[in-house]
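Asker: What follows is a structure written as structure tokens; I'll ask about it next.
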Amino acid sequence: MKRVSIITVNFNHSYVTDELLNSIRDKNSYTNIEIIVVDNGSKEDPVPQWKVKYPEVIFIRSATNLGFAGGNNLGLSVATGDYLFFVNNDTEFTDGLVETLVNTLNSHPSIGVISPKLLYYDQPTMLQYAGYTPMNYLTARNSCIGQFEIDKGQYDQLVGPTGFAHGAAMMVTKAAIEKAGPMAENFFLYYEELDWADRIRHNGFEVWMNMKATIFHKESVSVGKKSALKEYYMNRNRILFIRRNAPLLKAIFFYIYFLLVVTPRNIISYIKEKNYPFIKQLFRAIWWNLSNGINSSHLGYKP
């Protein structure tokens, strides 16, 4: 039986992580697991209380916020599993989730990363993810298949390759990580799972989804549905993703498109919505890419 390391990262929402851990206790029946929780520099250290409530879990405390990739990589550094199941702390497990993904990986050694079906927790009949379309590197756009549709089982037979895994729940093989390396930490937040999927694919592995497995997602608990932080990283990392992954001619087209179409469109939207501070974050995102290399270390977010 393959060993599975379940890795999640907490930042200032320990009660949400409690709900995830409780769902693993209640719903998971796969026995060969280890659970690793990384507290990513929360204002208050929840680890001492967690150790009492969840003695079966491995807890790691980082004094600073390492970002999504950095926090997960810290968990990865102590993991012993053959498969690494990276899940957002704002998810909740369902029956058979781990077994279904493990069985698919066991049957198809070509897979490097696989995601289950995602449903919105607060609207449990609504789909969030049933796979991704391939990336259009001219515009840095792709589509999430099934999102906002009512789940009537229309995608339940889909088991196979997809454009990208979903960062909220992705099981990655140790073999793929050994070749592709861990997630790039300079993304800090957003796009790192897309970059990782491309890197895993370029190293000879396939990216799959399995809609016979399901996880619930509460989405954007740590960052909020719309914030200056989110706007900064979404713009910054959209550009960084293209710099790291797109062919040269497509990348050049994207830069022109971003400056002449995306930038003025976003500014108009910010003004209409009276989100004036977002304008500054947009230009900061562009400047970061002009002044940093594709592997530059991340120095943290400043409002």
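In the structure tokens, the first chain shown is A, the next is B, and so on; residue numbers restart at 1 for each chain, and ligands run from 1 in the order shown.
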In range 40-147 of chain A, what's helix (DSSP H, G or I) per DSSP? Answer as a list in words?
Answerer: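 Of range 40-147 of chain A, only Val47, Pro48, Gln49, Trp50, Lys51, Val52, Lys53, Gly67, Phe68, Ala69, Gly70, Gly71, Asn72, Asn73, Leu74, Gly75, Leu76, Leu97, Val98, Glu99, Thr100, Leu101, Val102, Asn103, Thr104, Leu105, Asn106 and Ser107 of chain A fall in helix (DSSP H, G or I).
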Asker: How close does range 239-261 of chain A get to range 199-214 of chain A? List, as a Markdown table, each residue of range 239-261 of chain A within 12 Å, its nearest atom pair and the distance in Å to one decimal, counting only C-alpha atoms.
Answerer:
```
| residue | atom | partner | partner_atom | distance |
| --- | --- | --- | --- | --- |
| A:Phe241 | CA | A:Arg199 | CA | 11.1 |
| A:Arg244 | CA | A:Arg199 | CA | 9.6 |
| A:Asn245 | CA | A:Arg199 | CA | 8.3 |
| A:Ala246 | CA | A:Arg199 | CA | 11.6 |
```
Asker: Pick out the closest residue to Ile145 in chain A from this set: A:Thr125, A:Ser5, A:Ser296, A:Thr133. Count only C-alpha atoms.
Answerer: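 Closest candidate: A:Thr133.
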Asker: Neighbouring residues of range 25-33 of chain A were defined as those with any atom within 12 Å, considering only C-alpha atoms; residues of the same chain fewer than 3 positions away were excluded. Please report them as an NGL selection string.
Answerer: :A and (1-7 or 18-22 or 36 or 53-58 or 79-85 or 92-103 or 214-215)
Asker: List every residue of range 62-116 of chain A that has an atom at most 6 Å from any atom of range 169-188 of chain A, and for each one report the closest atom pair and its distance in Å to one decimal, counting only C-alpha atoms, with rows sorted by chain and then by increasing residue number, as JSON lines.
Answerer:
```
{"residue": "A:Gly67", "atom": "CA", "partner": "A:Phe188", "partner_atom": "CA", "distance": 4.5}
{"residue": "A:Phe68", "atom": "CA", "partner": "A:Phe188", "partner_atom": "CA", "distance": 5.7}
{"residue": "A:Ala69", "atom": "CA", "partner": "A:Glu185", "partner_atom": "CA", "distance": 5.1}
{"residue": "A:Gly70", "atom": "CA", "partner": "A:Glu185", "partner_atom": "CA", "distance": 5.3}
{"residue": "A:Asp82", "atom": "CA", "partner": "A:Lys174", "partner_atom": "CA", "distance": 5.3}
{"residue": "A:Tyr83", "atom": "CA", "partner": "A:Thr173", "partner_atom": "CA", "distance": 4.5}
{"residue": "A:Leu84", "atom": "CA", "partner": "A:Val172", "partner_atom": "CA", "distance": 5.2}
{"residue": "A:Phe85", "atom": "CA", "partner": "A:Met171", "partner_atom": "CA", "distance": 4.1}
{"residue": "A:Phe86", "atom": "CA", "partner": "A:Met170", "partner_atom": "CA", "distance": 5.4}
{"residue": "A:Val87", "atom": "CA", "partner": "A:Ala169", "partner_atom": "CA", "distance": 4.4}
{"residue": "A:Gly112", "atom": "CA", "partner": "A:Ala176", "partner_atom": "CA", "distance": 5.1}
{"residue": "A:Val113", "atom": "CA", "partner": "A:Val172", "partner_atom": "CA", "distance": 4.3}
{"residue": "A:Ile114", "atom": "CA", "partner": "A:Met171", "partner_atom": "CA", "distance": 5.3}
{"residue": "A:Ser115", "atom": "CA", "partner": "A:Met170", "partner_atom": "CA", "distance": 4.6}
```
